[in-house]
>>> print(open('start21.cif').read())   # mmCIF, C-alpha atoms and all ligand atoms
data_upload
#
loop_
_atom_site.label_atom_id
_atom_site.label_comp_id
_atom_site.auth_asym_id
_atom_site.auth_seq_id
_atom_site.Cartn_x
_atom_site.Cartn_y
_atom_site.Cartn_z
CA MET C 1 -6.58 158.93 77.38
CA PRO C 2 -3.64 161.25 76.77
CA THR C 3 -3.60 163.04 73.44
CA ARG C 4 -1.00 162.08 70.86
CA ARG C 5 0.82 165.36 71.61
CA GLU C 6 1.00 164.48 75.32
CA VAL C 7 2.30 161.02 74.57
CA ILE C 8 5.07 162.43 72.37
CA THR C 9 5.98 165.01 75.01
CA LEU C 10 6.03 162.41 77.76
CA GLY C 11 8.13 160.09 75.62
CA THR C 12 10.67 162.82 74.96
CA ALA C 13 10.79 163.80 78.62
CA ALA C 14 11.42 160.19 79.62
CA LEU C 15 14.27 159.88 77.12
CA VAL C 16 15.87 163.09 78.34
CA ALA C 17 15.46 162.01 81.95
CA ALA C 18 17.15 158.72 81.20
CA SER C 19 20.13 160.22 79.40
CA LEU C 20 20.98 163.44 81.24
CA PRO C 21 21.95 164.15 84.85
CA HIS C 22 19.07 165.77 86.70
CA ARG C 23 19.63 169.41 87.51
CA GLY C 24 20.69 169.86 91.11
CA GLU C 25 21.15 166.15 91.66
CA PRO C 26 24.56 165.23 93.10
CA LEU C 27 26.78 163.37 90.64
CA HIS C 28 27.11 160.29 92.82
CA ALA C 29 23.35 159.71 92.60
CA GLN C 30 23.64 159.64 88.82
CA SER C 31 26.61 157.28 88.90
CA GLN C 32 24.63 154.92 91.13
CA ALA C 33 22.00 154.66 88.39
CA ALA C 34 24.62 153.96 85.71
CA PRO C 35 28.21 153.40 86.85
CA ALA C 36 30.70 155.49 84.84
CA GLY C 37 32.94 152.51 84.21
CA PRO C 38 34.88 150.35 83.80
CA PHE C 39 33.63 150.42 80.20
CA THR C 40 32.90 153.60 78.25
CA LEU C 41 31.29 154.41 74.92
CA PRO C 42 34.04 154.93 72.32
CA PRO C 43 33.43 158.09 70.31
CA LEU C 44 32.30 157.64 66.71
CA PRO C 45 35.48 157.96 64.61
CA TYR C 46 33.66 160.20 62.07
CA PRO C 47 30.72 162.62 61.99
CA ALA C 48 27.29 160.95 62.14
CA ASP C 49 26.58 161.84 58.51
CA ALA C 50 29.94 160.57 57.20
CA LEU C 51 28.47 157.43 55.65
CA GLU C 52 25.50 159.08 53.91
CA PRO C 53 23.73 158.00 51.80
CA HIS C 54 24.56 154.39 52.75
CA ILE C 55 23.93 154.89 56.47
CA ASP C 56 21.85 157.93 57.38
CA ALA C 57 22.91 160.34 60.13
CA GLN C 58 19.82 159.77 62.27
CA THR C 59 20.35 156.01 62.36
CA MET C 60 24.02 156.53 63.15
CA THR C 61 23.27 158.95 65.99
CA ILE C 62 20.66 156.74 67.63
CA HIS C 63 22.55 153.50 67.01
CA HIS C 64 25.76 154.80 68.56
CA GLY C 65 24.47 157.25 71.16
CA ARG C 66 21.53 155.24 72.49
CA HIS C 67 21.88 151.57 71.56
CA HIS C 68 25.62 151.21 72.08
CA GLN C 69 25.47 153.48 75.15
CA ALA C 70 22.77 151.24 76.64
CA TYR C 71 24.97 148.15 76.21
CA VAL C 72 27.80 149.98 77.99
CA ASN C 73 25.54 151.14 80.83
CA ASN C 74 23.99 147.70 81.35
CA LEU C 75 27.41 146.01 81.20
CA ASN C 76 28.81 148.39 83.82
CA ALA C 77 25.80 147.84 86.07
CA ALA C 78 26.33 144.06 85.83
CA ILE C 79 30.05 144.37 86.57
CA ALA C 80 29.27 146.44 89.65
CA LYS C 81 27.52 143.28 90.95
CA ALA C 82 30.40 140.96 89.96
CA PRO C 83 33.68 142.44 91.25
CA SER C 84 35.62 139.39 90.00
CA LEU C 85 35.26 140.86 86.50
CA ASN C 86 36.92 144.15 87.38
CA GLY C 87 40.11 144.78 85.45
CA LYS C 88 39.33 142.22 82.72
CA THR C 89 39.11 143.26 79.09
CA ILE C 90 35.79 142.74 77.36
CA GLU C 91 37.46 140.15 75.11
CA ALA C 92 38.68 138.17 78.14
CA ILE C 93 35.22 138.32 79.71
CA LEU C 94 33.50 137.08 76.53
CA ALA C 95 36.07 134.34 75.98
CA GLY C 96 35.38 133.01 79.48
CA LEU C 97 31.66 133.49 80.08
CA ASP C 98 31.59 130.33 82.21
CA ALA C 99 33.67 132.22 84.78
CA VAL C 100 31.09 135.02 84.98
CA PRO C 101 28.85 134.69 88.06
CA GLU C 102 25.59 133.09 86.99
CA ALA C 103 23.48 135.92 88.40
CA VAL C 104 24.85 138.35 85.79
CA ARG C 105 26.01 135.95 83.05
CA THR C 106 23.15 136.55 80.61
CA THR C 107 23.35 140.31 81.12
CA VAL C 108 27.11 140.25 80.53
CA ARG C 109 26.71 138.01 77.49
CA ASN C 110 24.12 140.29 75.86
CA ASN C 111 25.52 143.67 76.84
CA GLY C 112 29.21 142.79 76.86
CA GLY C 113 28.69 141.23 73.44
CA GLY C 114 26.82 144.35 72.35
CA HIS C 115 29.64 146.59 73.56
CA ALA C 116 32.39 144.49 71.92
CA ASN C 117 30.51 144.06 68.64
CA HIS C 118 29.70 147.74 68.22
CA SER C 119 33.21 148.79 69.28
CA LEU C 120 34.51 146.74 66.33
CA PHE C 121 31.76 147.96 64.01
CA TRP C 122 32.23 151.75 63.98
CA PRO C 123 35.93 151.86 63.07
CA SER C 124 35.48 149.22 60.34
CA LEU C 125 33.28 151.59 58.30
CA LYS C 126 34.54 154.44 56.13
CA LYS C 127 33.12 156.57 53.35
CA GLY C 128 34.25 154.99 50.10
CA GLY C 129 35.48 151.88 51.90
CA GLY C 130 39.16 150.99 52.00
CA ALA C 131 41.43 148.65 50.07
CA MET C 132 42.53 145.17 51.16
CA SER C 133 46.18 144.67 52.00
CA GLU C 134 48.00 142.05 49.96
CA THR C 135 48.04 139.71 52.96
CA LEU C 136 44.29 140.01 53.46
CA SER C 137 43.62 139.65 49.75
CA LYS C 138 45.66 136.43 49.63
CA ALA C 139 43.94 135.02 52.71
CA VAL C 140 40.54 135.85 51.20
CA ALA C 141 41.45 134.27 47.87
CA SER C 142 42.64 131.15 49.65
CA ALA C 143 39.56 130.81 51.86
CA PHE C 144 36.79 131.98 49.50
CA GLY C 145 38.22 132.14 45.98
CA SER C 146 37.87 135.91 45.54
CA ASP C 147 36.77 139.17 47.17
CA ALA C 148 33.45 138.86 45.34
CA LYS C 149 32.87 135.37 46.78
CA LEU C 150 33.63 136.64 50.28
CA LYS C 151 31.04 139.42 49.84
CA GLU C 152 28.49 136.88 48.56
CA SER C 153 29.17 134.70 51.55
CA LEU C 154 28.84 137.63 54.00
CA THR C 155 25.61 138.67 52.29
CA SER C 156 24.05 135.25 52.57
CA ALA C 157 25.14 134.93 56.22
CA ALA C 158 23.58 138.36 56.93
CA MET C 159 20.37 137.46 55.10
CA GLY C 160 20.24 134.11 56.88
CA VAL C 161 20.10 135.59 60.39
CA PHE C 162 16.57 135.00 61.67
CA GLY C 163 15.68 137.95 63.89
CA SER C 164 18.58 139.90 65.34
CA GLY C 165 22.26 139.11 65.04
CA TRP C 166 25.46 139.61 63.10
CA ALA C 167 27.31 138.22 60.09
CA TRP C 168 31.08 138.02 60.49
CA LEU C 169 34.36 137.51 58.79
CA SER C 170 36.44 135.84 61.47
CA VAL C 171 39.65 133.97 62.03
CA GLY C 172 38.93 130.45 63.26
CA ALA C 173 40.83 128.55 65.91
CA ASP C 174 42.82 126.93 63.05
CA GLY C 175 43.95 130.37 61.80
CA ARG C 176 41.80 130.24 58.64
CA LEU C 177 39.27 132.85 57.61
CA LEU C 178 35.61 131.94 57.86
CA VAL C 179 32.22 133.57 57.48
CA GLU C 180 29.76 132.92 60.27
CA SER C 181 26.73 134.44 61.92
CA THR C 182 25.86 134.88 65.57
CA PRO C 183 22.43 135.40 67.14
CA ASN C 184 21.56 138.42 69.31
CA GLN C 185 24.76 140.09 70.54
CA ASP C 186 26.84 136.93 70.68
CA SER C 187 30.43 137.42 69.55
CA PRO C 188 32.68 135.04 67.63
CA ILE C 189 35.02 135.48 70.62
CA MET C 190 32.61 133.25 72.59
CA ARG C 191 33.50 130.45 70.11
CA GLY C 192 37.24 130.98 70.30
CA HIS C 193 37.25 132.88 67.00
CA THR C 194 38.66 136.35 66.31
CA PRO C 195 36.14 138.65 64.61
CA LEU C 196 37.64 140.84 61.87
CA VAL C 197 34.51 142.63 60.68
CA GLY C 198 30.83 142.25 61.40
CA ILE C 199 27.61 143.33 59.73
CA ASP C 200 25.00 144.34 62.30
CA VAL C 201 21.65 143.03 61.10
CA TRP C 202 19.58 144.14 64.08
CA GLU C 203 16.70 146.21 62.72
CA HIS C 204 17.97 149.17 64.78
CA ALA C 205 20.93 149.28 62.37
CA TYR C 206 18.82 149.94 59.29
CA TYR C 207 15.08 150.23 59.88
CA LEU C 208 14.73 154.04 59.71
CA LYS C 209 16.14 154.16 56.19
CA TYR C 210 15.62 150.68 54.79
CA GLN C 211 12.60 149.38 56.78
CA ASN C 212 12.35 145.65 56.00
CA ARG C 213 14.78 145.81 53.03
CA ARG C 214 17.69 144.14 54.78
CA ARG C 215 19.30 143.17 51.50
CA GLU C 216 19.63 146.82 50.44
CA TYR C 217 21.19 147.68 53.79
CA VAL C 218 23.68 144.80 53.54
CA ASP C 219 24.64 145.90 50.03
CA ALA C 220 25.12 149.45 51.40
CA ILE C 221 27.29 148.31 54.30
CA LEU C 222 29.50 146.39 51.91
CA GLN C 223 30.13 149.73 50.12
CA VAL C 224 31.58 151.28 53.27
CA ILE C 225 33.65 148.51 54.87
CA ASP C 226 37.20 149.68 55.43
CA TRP C 227 39.13 146.59 54.37
CA THR C 228 42.36 148.29 55.44
CA VAL C 229 41.18 148.09 59.05
CA VAL C 230 40.12 144.47 58.49
CA GLY C 231 43.61 143.70 57.18
CA ASP C 232 45.19 145.34 60.23
CA ARG C 233 43.02 143.17 62.47
CA LEU C 234 44.06 140.05 60.58
CA ALA C 235 47.72 140.99 61.04
CA ALA C 236 47.11 141.52 64.78
CA ALA C 237 45.27 138.18 65.06
CA LYS C 238 48.17 136.32 63.44
CA LYS C 239 50.63 137.62 66.03
MN MN L 1 23.56 147.51 66.64
#
>>> encode(input="start21.cif", output="structure tokens")
Amino acid sequence: MPTRREVITLGTAALVAASLPHRGEPLHAQSQAAPAGPFTLPPLPYPADALEPHIDAQTMTIHHGRHHQAYVNNLNAAIAKAPSLNGKTIEAILAGLDAVPEAVRTTVRNNGGGHANHSLFWPSLKKGGGAMSETLSKAVASAFGSDAKLKESLTSAAMGVFGSGWAWLSVGADGRLLVESTPNQDSPIMRGHTPLVGIDVWEHAYYLKYQNRRREYVDAILQVIDWTVVGDRLAAAKK
């Protein structure tokens, strides 16, 4: 049996080996393991500790740098096996999963969804949050009654996800706002909806700081949603 120390060392070595090019190894060998594109990890739009104390820096670093990066890597590897997807946006791919070759469809669904969902997530968070535009505020009042009711609805959708998934504020096919949840890394785009903001309720999003206290995490996320960005997305969706 290896000692605990050996296990930790081995674990660290394996992580490093998986994430860094090997010294002396030609670059093309590395790119074979994980194609460099077509999709890339968007940089975090703020330092990892920007949302402390609501979201801790360690969670942010691992969530973005390892989890989101893994979705990107797995998506690119799947696309390398399905050239018909080359040149398509991730939104177009997710809106037409039936057109994705069956051999890679589940991989594209899970990892393409993961990439799209997290790409929306990071820029929708900001220290101190951000105010709703008048247009967003009116749409929220019309659909939910008030900002507070929207937050209640998002909270109960987030708490209602069994296992891993997301709670969303989306624009439906009829142009109205709705709150919904999706399992795993499914995106509202797969339903013909336009996601405006999502709350990631995978345990990887909160477990280090909040353990099983999902409600506390959801309350914290609602403190840092940048409603200005959400309003901009609504304006873009209406065009
Ligand atoms: Mn996540």
>>> residues_around(input="start21.cif", residues="range 55-72 of chain C", least_positions_apart="5", cutoff="10 Å", atoms="only C-alpha atoms", output="JSON, numbers by chain")
{"C": [15, 19, 34, 35, 36, 37, 38, 39, 40, 41, 42, 43, 44, 47, 48, 49, 50, 77, 78, 107, 108, 110, 111, 112, 113, 114, 115, 116, 117, 118, 119, 122, 127, 185, 204, 205, 206, 207, 208, 209, 210, 217, 220, 221, 224]}
>>> atom_distance(input="start21.cif", atom1="CA of Trp166 in chain C", atom2="CA of Leu97 in chain C")
19.1 Å
>>> closest_residue(input="start21.cif", among="C:Ala167, C:Leu154, C:Leu136, C:Val230", to="ligand MN 1 (chain L)", atoms="all atoms listed in the file")
C:Ala167
>>> residues_around(input="start21.cif", residues="Val104 in chain C", least_positions_apart="5", cutoff="9 Å", atoms="all atoms listed in the file", output="MDAnalysis selection string")
chainID C and resid 78:79 81:82 109
>>> write_last_selection(input="start21.cif", atoms="C-alpha atoms", output="PDB file, in the coordinates of the input")
ATOM      1  CA  ALA C  78      26.330 144.060  85.830  1.00  0.00           C
ATOM      2  CA  ILE C  79      30.050 144.370  86.570  1.00  0.00           C
ATOM      3  CA  LYS C  81      27.520 143.280  90.950  1.00  0.00           C
ATOM      4  CA  ALA C  82      30.400 140.960  89.960  1.00  0.00           C
ATOM      5  CA  ARG C 109      26.710 138.010  77.490  1.00  0.00           C
TER       6      ARG C 109
END
>>> atom_distance(input="start21.cif", atom1="CA of Phe162 in chain C", atom2="CA of Val201 in chain C")
9.5 Å
>>> residues_around(input="start21.cif", residues="Glu134 in chain C", least_positions_apart="4", cutoff="12 Å", atoms="all atoms listed in the file", output="NGL selection string")
:C and (138-141 or 147 or 227-228 or 230-232 or 234-235)
>>> residues_around(input="start21.cif", residues="Val161 in chain C", least_positions_apart="3", cutoff="9 Å", atoms="only C-alpha atoms", output="VMD selection string")
chain C and resid 156 to 158 164 to 167 181 to 183 201
>>> atom_distance(input="start21.cif", atom1="CA of Thr155 in chain C", atom2="CA of Ile199 in chain C")
9.0 Å
>>> residues_around(input="start21.cif", residues="Val197 in chain C", least_positions_apart="4", cutoff="8 Å", atoms="only C-alpha atoms", output="list in words")
Leu120, Phe121, Ser124, Trp168, Leu169, Ser170 and Val230 of chain C
>>> closest_residue(input="start21.cif", among="C:Arg214, C:Asn184, C:Lys239, C:Gly175", to="ligand MN 1 (chain L)", atoms="only C-alpha atoms and all ligand atoms")
C:Asn184
>>> closest_residue(input="start21.cif", among="C:Ala95, C:Ala131, C:Val179, C:Ala173", to="Ala143 in chain C", atoms="all atoms listed in the file")
C:Val179
>>> closest_residue(input="start21.cif", among="C:Ser137, C:Asn76, C:Asp200, C:Ser146", to="ligand MN 1 (chain L)", atoms="all atoms listed in the file")
C:Asp200
>>> closest_residue(input="start21.cif", among="C:Leu75, C:Pro53, C:Glu203, C:Glu216", to="ligand MN 1 (chain L)", atoms="all atoms listed in the file")
C:Glu203
>>> closest_residue(input="start21.cif", among="C:Gly129, C:Lys149, C:Gly198, C:Gly96", to="ligand MN 1 (chain L)", atoms="all atoms listed in the file")
C:Gly198
